[in-house]
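> Just one file: data_13.txt, with compact mmCIF, C-alpha atoms.
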```
# COMPACT_ATOMS: atom_id res chain seq x y z
CA MET A 1235 63.36 3.73 -6.57
CA SER A 1236 61.37 5.97 -8.84
CA LYS A 1237 57.74 5.15 -9.42
CA THR A 1238 57.92 6.91 -12.77
CA PRO A 1239 56.42 4.66 -15.45
CA ALA A 1240 59.04 3.56 -17.95
CA GLY A 1241 59.03 5.64 -21.08
CA THR A 1242 57.39 8.67 -19.51
CA LEU A 1243 59.63 11.44 -20.66
CA TYR A 1244 58.66 14.45 -18.64
CA ARG A 1245 57.31 13.29 -15.34
CA GLY A 1246 58.78 15.05 -12.33
CA ARG A 1247 62.30 15.61 -13.56
CA GLU A 1248 64.39 18.35 -15.22
CA GLY A 1249 62.26 18.39 -18.36
CA MET A 1250 58.98 18.90 -16.52
CA TRP A 1251 60.21 21.37 -13.93
CA SER A 1252 61.96 23.56 -16.48
CA TRP A 1253 58.70 23.57 -18.49
CA VAL A 1254 56.74 24.59 -15.36
CA GLY A 1255 59.31 27.27 -14.54
CA HIS A 1256 59.21 28.60 -18.09
CA ARG A 1257 55.40 28.95 -17.98
CA VAL A 1258 55.25 30.53 -14.53
CA THR A 1259 58.03 33.05 -15.26
CA GLY A 1260 56.58 33.78 -18.71
CA VAL A 1261 53.14 34.66 -17.35
CA ALA A 1262 54.63 36.78 -14.54
CA ILE A 1263 56.82 38.71 -17.00
CA PHE A 1264 53.86 39.23 -19.35
CA PHE A 1265 51.69 40.83 -16.66
CA PHE A 1266 54.59 43.02 -15.53
CA LEU A 1267 55.07 44.08 -19.16
CA LEU A 1268 51.44 45.26 -19.41
CA VAL A 1269 51.89 47.40 -16.28
CA HIS A 1270 55.32 48.62 -17.39
CA VAL A 1271 54.04 49.95 -20.74
CA LEU A 1272 51.21 51.72 -18.89
CA ASP A 1273 53.54 53.35 -16.33
CA THR A 1274 55.95 54.42 -19.08
CA ALA A 1275 53.03 55.87 -21.05
CA LEU A 1276 52.70 58.46 -18.27
CA VAL A 1277 55.61 60.37 -19.88
CA ARG A 1278 52.95 61.39 -22.41
CA VAL A 1279 50.74 62.81 -19.62
CA SER A 1280 53.25 65.03 -17.83
CA PRO A 1281 56.76 64.89 -16.31
CA GLU A 1282 55.20 65.18 -12.85
CA ALA A 1283 52.81 62.24 -13.37
CA TYR A 1284 55.65 60.01 -14.60
CA ASN A 1285 58.03 60.97 -11.80
CA VAL A 1286 55.42 60.40 -9.08
CA VAL A 1287 54.69 56.86 -10.29
CA ILE A 1288 58.30 55.91 -11.09
CA ASN A 1289 59.39 57.12 -7.63
CA THR A 1290 57.23 54.39 -6.09
CA TYR A 1291 59.70 51.91 -7.67
CA LYS A 1292 62.59 53.44 -5.73
CA ASN A 1293 62.23 51.83 -2.31
CA PRO A 1294 63.67 48.64 -0.79
CA ILE A 1295 60.44 46.61 -1.09
CA MET A 1296 60.13 47.36 -4.81
CA ALA A 1297 63.86 46.68 -5.20
CA ILE A 1298 63.28 43.14 -3.93
CA LEU A 1299 60.31 42.68 -6.28
CA GLU A 1300 62.50 43.98 -9.13
CA ALA A 1301 65.15 41.46 -8.17
CA GLY A 1302 62.48 38.74 -8.43
CA LEU A 1303 61.40 40.08 -11.82
CA VAL A 1304 64.98 40.07 -13.12
CA ALA A 1305 65.51 36.56 -11.70
CA ALA A 1306 62.41 35.43 -13.65
CA ILE A 1307 63.57 37.17 -16.85
CA VAL A 1308 67.09 35.71 -16.66
CA PHE A 1309 65.75 32.18 -16.09
CA HIS A 1310 63.20 32.54 -18.91
CA ALA A 1311 65.89 33.88 -21.25
CA PHE A 1312 68.45 31.12 -20.57
CA ASN A 1313 65.87 28.34 -20.49
CA GLY A 1314 64.48 29.73 -23.77
CA LEU A 1315 67.95 29.34 -25.29
CA ARG A 1316 67.93 25.77 -23.91
CA VAL A 1317 64.57 25.13 -25.62
CA ILE A 1318 66.05 26.42 -28.90
CA LEU A 1319 69.01 24.04 -28.48
CA VAL A 1320 66.67 21.13 -27.71
CA ASP A 1321 64.67 21.94 -30.86
CA PHE A 1322 67.47 22.75 -33.32
CA TRP A 1323 70.66 21.07 -32.05
CA LYS A 1324 70.90 17.42 -33.01
CA LYS A 1325 72.09 16.40 -29.53
CA GLY A 1326 69.82 18.86 -27.71
CA PRO A 1327 67.12 16.33 -26.71
CA LYS A 1328 69.75 13.89 -25.42
CA TYR A 1329 71.37 16.53 -23.21
CA GLN A 1330 68.22 18.45 -22.20
CA ALA A 1331 68.72 17.70 -18.48
CA GLN A 1332 72.40 18.71 -18.50
CA LEU A 1333 71.42 21.84 -20.43
CA LEU A 1334 69.03 22.75 -17.59
CA TRP A 1335 71.88 22.58 -15.10
CA GLY A 1336 73.84 24.82 -17.46
CA VAL A 1337 70.88 27.23 -17.37
CA VAL A 1338 70.84 27.17 -13.56
CA GLY A 1339 74.62 27.72 -13.43
CA LEU A 1340 74.50 30.66 -15.84
CA TRP A 1341 71.55 32.06 -13.89
CA VAL A 1342 73.63 32.08 -10.70
CA VAL A 1343 76.60 33.64 -12.51
CA VAL A 1344 74.41 36.49 -13.78
CA MET A 1345 72.23 36.95 -10.69
CA VAL A 1346 75.02 37.23 -8.10
CA PRO A 1347 76.68 40.36 -9.57
CA PHE A 1348 73.26 41.76 -10.51
CA LEU A 1349 71.95 41.39 -6.95
CA ILE A 1350 75.10 42.88 -5.42
CA ARG A 1351 74.89 45.92 -7.70
CA HIS A 1352 71.10 46.35 -7.65
CA LEU A 1353 70.60 45.88 -3.92
CA THR A 1354 73.60 48.10 -3.12
CA LEU A 1355 72.02 50.86 -5.23
CA ALA A 1356 68.59 50.24 -3.71
CA PHE A 1357 69.65 50.23 -0.07
CA THR A 1358 72.22 53.03 -0.23
CA GLY A 1359 69.94 55.42 -2.12
CA GLY A 1360 72.32 55.66 -5.05
CA HIS A 1361 73.40 59.20 -4.25
CA MET B 80 65.30 3.87 -12.57
CA ALA B 81 63.59 4.92 -15.77
CA ALA B 82 65.67 8.00 -16.52
CA THR B 83 67.68 6.33 -19.27
CA THR B 84 64.78 6.46 -21.72
CA GLU B 85 66.05 7.57 -25.10
CA ILE B 86 64.38 10.69 -26.36
CA GLN B 87 63.27 10.36 -29.94
CA ALA B 88 62.41 13.01 -32.45
CA PRO B 89 58.68 13.76 -32.81
CA ARG B 90 57.20 11.32 -35.28
CA SER B 91 54.00 13.10 -36.17
CA GLY B 92 53.88 15.97 -38.59
CA ARG B 93 50.25 16.50 -37.70
CA VAL B 94 47.98 16.20 -34.68
CA ALA B 95 45.69 13.21 -34.84
CA PRO B 96 42.05 14.33 -35.40
CA GLU B 97 40.84 12.91 -32.07
CA TYR B 98 43.23 15.25 -30.22
CA THR B 99 42.33 18.48 -31.99
CA ARG B 100 39.74 20.79 -30.46
CA HIS B 101 38.97 22.52 -33.72
CA GLY B 102 37.58 20.84 -36.79
CA ARG B 103 40.15 21.21 -39.50
CA SER B 104 43.67 22.29 -40.25
CA ARG B 105 44.51 25.97 -39.91
CA GLY B 106 47.32 25.90 -42.42
CA SER B 107 50.80 26.67 -41.18
CA PHE B 108 49.93 29.33 -38.60
CA GLU B 109 51.00 27.17 -35.66
CA MET B 110 54.33 26.42 -37.30
CA PHE B 111 55.00 30.13 -37.83
CA ALA B 112 53.94 30.84 -34.23
CA TRP B 113 56.39 28.17 -33.02
CA LEU B 114 59.19 29.62 -35.16
CA PHE B 115 58.35 33.18 -34.11
CA MET B 116 58.77 32.22 -30.43
CA ARG B 117 62.32 31.03 -31.10
CA VAL B 118 63.39 33.91 -33.37
CA SER B 119 61.79 36.66 -31.26
CA GLY B 120 63.14 35.01 -28.11
CA LEU B 121 66.70 35.20 -29.41
CA VAL B 122 66.32 38.89 -30.30
CA LEU B 123 64.58 39.65 -26.98
CA VAL B 124 67.47 38.19 -24.98
CA VAL B 125 69.70 40.91 -26.47
CA LEU B 126 67.10 43.72 -26.28
CA VAL B 127 65.90 43.00 -22.73
CA PHE B 128 69.35 42.34 -21.25
CA GLY B 129 70.58 45.60 -22.83
CA HIS B 130 67.52 47.44 -21.48
CA LEU B 131 68.05 46.10 -17.95
CA PHE B 132 71.78 46.83 -17.99
CA VAL B 133 71.43 50.43 -19.17
CA ASN B 134 68.47 51.24 -16.88
CA LEU B 135 69.42 49.35 -13.70
CA MET B 136 73.19 48.75 -13.67
CA VAL B 137 74.82 51.87 -15.13
CA GLY B 138 75.36 55.04 -13.08
CA GLU B 139 72.88 55.38 -10.24
CA GLY B 140 70.73 52.54 -11.55
CA VAL B 141 67.03 52.80 -10.84
CA HIS B 142 67.56 56.07 -8.96
CA ALA B 143 68.51 57.82 -12.20
CA ILE B 144 65.18 56.97 -13.86
CA ASP B 145 62.85 59.95 -14.13
CA PHE B 146 61.21 61.95 -16.92
CA GLY B 147 64.55 63.52 -17.86
CA PHE B 148 66.18 60.07 -18.17
CA VAL B 149 63.45 58.74 -20.49
CA ALA B 150 63.42 61.97 -22.50
CA GLY B 151 67.20 61.78 -22.91
CA LYS B 152 66.98 58.22 -24.24
CA TRP B 153 64.08 58.82 -26.63
CA ALA B 154 65.73 61.94 -28.06
CA ASP B 155 67.99 59.36 -29.74
CA PRO B 156 66.42 57.36 -32.61
CA PHE B 157 68.62 54.42 -31.58
CA TRP B 158 66.70 53.96 -28.31
CA GLN B 159 63.37 54.71 -30.00
CA VAL B 160 63.94 51.83 -32.41
CA TRP B 161 65.33 49.63 -29.59
CA ASP B 162 62.30 50.20 -27.38
CA LEU B 163 59.83 49.91 -30.27
CA ALA B 164 61.30 46.54 -31.32
CA MET B 165 61.28 45.39 -27.69
CA LEU B 166 57.64 46.48 -27.25
CA TRP B 167 56.36 44.67 -30.35
CA LEU B 168 58.44 41.52 -30.00
CA ALA B 169 57.85 41.15 -26.24
CA MET B 170 54.09 41.76 -26.55
CA LEU B 171 53.67 39.33 -29.46
CA HIS B 172 55.94 36.74 -27.79
CA GLY B 173 54.08 37.08 -24.48
CA THR B 174 50.66 37.07 -26.13
CA ASN B 175 51.46 33.91 -28.04
CA GLY B 176 52.75 32.30 -24.85
CA VAL B 177 49.57 33.15 -22.93
CA ARG B 178 47.49 31.99 -25.93
CA THR B 179 49.25 28.63 -25.69
CA ILE B 180 48.53 28.44 -21.95
CA ILE B 181 44.84 29.33 -22.48
CA ASN B 182 44.58 26.63 -25.15
CA ASP B 183 46.16 24.13 -22.76
CA TYR B 184 44.10 24.75 -19.66
CA ALA B 185 40.72 26.20 -20.72
CA GLU B 186 38.75 23.20 -21.92
CA LYS B 187 35.40 24.81 -22.78
CA ASP B 188 35.12 26.45 -26.19
CA GLY B 189 33.40 29.51 -24.72
CA THR B 190 36.01 29.96 -21.98
CA ARG B 191 38.87 29.76 -24.46
CA PHE B 192 37.13 32.19 -26.80
CA TRP B 193 36.55 34.85 -24.15
CA LEU B 194 39.94 34.53 -22.48
CA LYS B 195 41.62 34.95 -25.86
CA ALA B 196 39.32 37.83 -26.78
CA VAL B 197 40.37 39.67 -23.60
CA LEU B 198 44.03 38.78 -24.25
CA TYR B 199 44.02 40.07 -27.82
CA ALA B 200 42.18 43.26 -26.85
CA ALA B 201 44.71 43.97 -24.09
CA THR B 202 47.59 43.25 -26.46
CA ALA B 203 46.21 45.57 -29.14
CA VAL B 204 45.69 48.40 -26.63
CA ILE B 205 49.20 48.05 -25.14
CA ILE B 206 50.98 47.82 -28.52
CA VAL B 207 49.10 50.80 -29.99
CA LEU B 208 49.52 52.88 -26.82
CA GLY B 209 53.23 52.08 -26.48
CA THR B 210 53.91 52.79 -30.16
CA LEU B 211 52.08 56.12 -30.00
CA VAL B 212 53.97 57.11 -26.84
CA ILE B 213 57.36 56.39 -28.43
CA PHE B 214 56.53 58.35 -31.60
CA THR B 215 54.49 61.27 -30.25
CA PHE B 216 56.65 61.83 -27.19
CA ASP B 217 57.82 65.43 -26.58
CA PRO B 218 60.99 65.52 -24.42
CA CYS B 219 60.46 69.25 -23.77
CA PRO B 220 56.71 69.70 -23.15
CA PRO B 221 55.60 73.32 -22.84
CA ASN B 222 54.43 74.52 -19.40
CA ALA B 223 56.50 71.85 -17.59
CA ALA B 224 58.81 72.76 -14.70
CA ALA B 225 62.29 73.24 -16.20
CA GLU B 226 64.03 71.23 -13.44
CA LEU B 227 62.10 68.09 -14.47
CA LEU B 228 63.23 68.31 -18.10
CA PRO B 229 66.43 67.04 -19.73
CA ALA B 230 69.30 69.55 -19.95
CA PHE B 231 69.01 69.96 -23.72
CA CYS B 232 65.54 71.56 -23.55
CA PRO B 233 65.56 75.28 -24.39
CA ALA B 234 65.10 77.58 -21.40
CA PRO B 235 61.47 78.76 -21.11
```
Produce structure tokens that represent the structure in this file.

Amino acid sequence: MSKTPAGTLYRGREGMWSWVGHRVTGVAIFFFLLVHVLDTALVRVSPEAYNVVINTYKNPIMAILEAGLVAAIVFHAFNGLRVILVDFWKKGPKYQAQLLWGVVGLWVVVMVPFLIRHLTLAFTGGH
Amino acid sequence: MAATTEIQAPRSGRVAPEYTRHGRSRGSFEMFAWLFMRVSGLVLVVLVFGHLFVNLMVGEGVHAIDFGFVAGKWADPFWQVWDLAMLWLAMLHGTNGVRTIINDYAEKDGTRFWLKAVLYAATAVIIVLGTLVIFTFDPCPPNAAAELLPAFCPAP
């Protein structure tokens, strides 16, 4: 049986792990965003400078990192909608755990076609 | 099995003084920050999913992205406004999220102060830089090789 003290809301279950996942993905996305604005700013330097840097994104290793980034964004987005429901929907707190499984289900539904399309493009060169 | 605990609405409208790290109330800033996370989050779901779909899923996906691709998008005010809104909302949303994390984990006053100082400086630089790039961008820069430019640029 669980050693969780009675009345402890968040310990070790859906509520806590979704909170951990939201923080970890949020921080990862934030640091990517800083880099992404900087790489895009190279369009202001010259077409050559931008193309050289953006071409480093177009290889299979970066494609897998991009897939991880998109996986993080999609989880953060759907779990964010879950947080909004928990905060604003009267029954949100009661169903917060079920809502997390909805988030995971939707995440799979979005990620499967995304990965098929993205990895096909990445590994076939797209031409 | 303790999982049947009923979850009750928060009872406190304020944080008890012994749990605050700063001396006195800061007005309603934290409430607006909380609300901003929800409102900007909703808008960002649309903006970011649209951004990812158009840049990674349509046509040749990531392979189509080069200077000409970006220039073609930003020649259209629609994508300028889209990307500007995404830049500001994502940076402010992310900055507030990292601010929350710093407040949670950095226990010394000095550590929190300096981490947040670095955070806000980085945020200001990125928002100003990104905004300037979107608005001062020239899709047909002079002296650039014509084959790198979008098709609508006049022949040199």
> I want to know what sits within 8 Å of region 167-179 of chain B, based on all atoms listed in the file, with residues of the same chain fewer than 4 positions away left out; could you give that as JSON, numbers by chain?
{"A": [1260, 1261, 1264, 1267], "B": [112, 115, 116, 119, 120, 123, 163, 183, 195, 198, 199, 202, 206]}
> Could you tell me how far CA of Leu194 (chain B) lies from CA of Ile181 (chain B), in Å and to one decimal?
7.1 Å
> Please identify all polymer residues within 12 Å of Val1258 (chain A), counting all atoms listed in the file, omitting same-chain residues fewer than 3 positions from it, and present them as an MDAnalysis selection string.
(chainID A and resid 1251:1255 1261:1265 1303 1306:1307 1309:1310) or (chainID B and resid 173 176:177 180)
> Please produce a file of the residues just selected, as a JSON list (two decimals), in the coordinates of the input, where the atoms kept are C-alpha atoms.

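Final file, part.json:
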```
[["chain", "number", "residue", "atom", "x", "y", "z"],
["A", 1251, "TRP", "CA", 60.21, 21.37, -13.93],
["A", 1252, "SER", "CA", 61.96, 23.56, -16.48],
["A", 1253, "TRP", "CA", 58.70, 23.57, -18.49],
["A", 1254, "VAL", "CA", 56.74, 24.59, -15.36],
["A", 1255, "GLY", "CA", 59.31, 27.27, -14.54],
["A", 1261, "VAL", "CA", 53.14, 34.66, -17.35],
["A", 1262, "ALA", "CA", 54.63, 36.78, -14.54],
["A", 1263, "ILE", "CA", 56.82, 38.71, -17.00],
["A", 1264, "PHE", "CA", 53.86, 39.23, -19.35],
["A", 1265, "PHE", "CA", 51.69, 40.83, -16.66],
["A", 1303, "LEU", "CA", 61.40, 40.08, -11.82],
["A", 1306, "ALA", "CA", 62.41, 35.43, -13.65],
["A", 1307, "ILE", "CA", 63.57, 37.17, -16.85],
["A", 1309, "PHE", "CA", 65.75, 32.18, -16.09],
["A", 1310, "HIS", "CA", 63.20, 32.54, -18.91],
["B", 173, "GLY", "CA", 54.08, 37.08, -24.48],
["B", 176, "GLY", "CA", 52.75, 32.30, -24.85],
["B", 177, "VAL", "CA", 49.57, 33.15, -22.93],
["B", 180, "ILE", "CA", 48.53, 28.44, -21.95]]
```
> What are the residues of chain B that have an atom within 7 Å of an atom of chain A, counting only C-alpha atoms, as a CSV table (one decimal) with C-alpha atoms, in the frame of the given file?

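As written to disk, result_26.csv reads:
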```
chain,number,residue,atom,x,y,z
B,80,MET,CA,65.3,3.9,-12.6
B,81,ALA,CA,63.6,4.9,-15.8
B,84,THR,CA,64.8,6.5,-21.7
B,86,ILE,CA,64.4,10.7,-26.4
B,117,ARG,CA,62.3,31.0,-31.1
B,120,GLY,CA,63.1,35.0,-28.1
B,124,VAL,CA,67.5,38.2,-25.0
B,135,LEU,CA,69.4,49.4,-13.7
B,136,MET,CA,73.2,48.8,-13.7
B,139,GLU,CA,72.9,55.4,-10.2
B,140,GLY,CA,70.7,52.5,-11.6
B,141,VAL,CA,67.0,52.8,-10.8
B,142,HIS,CA,67.6,56.1,-9.0
B,145,ASP,CA,62.8,60.0,-14.1
B,146,PHE,CA,61.2,62.0,-16.9
B,173,GLY,CA,54.1,37.1,-24.5
B,177,VAL,CA,49.6,33.2,-22.9
B,205,ILE,CA,49.2,48.0,-25.1
B,209,GLY,CA,53.2,52.1,-26.5
B,212,VAL,CA,54.0,57.1,-26.8
B,216,PHE,CA,56.6,61.8,-27.2
B,227,LEU,CA,62.1,68.1,-14.5
```
> CA of Ala203 (chain B) and CA of Leu131 (chain B) are how many Å apart?
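Atom-to-atom, CA of Ala203 (chain B) to CA of Leu131 (chain B), that is 24.5 Å.
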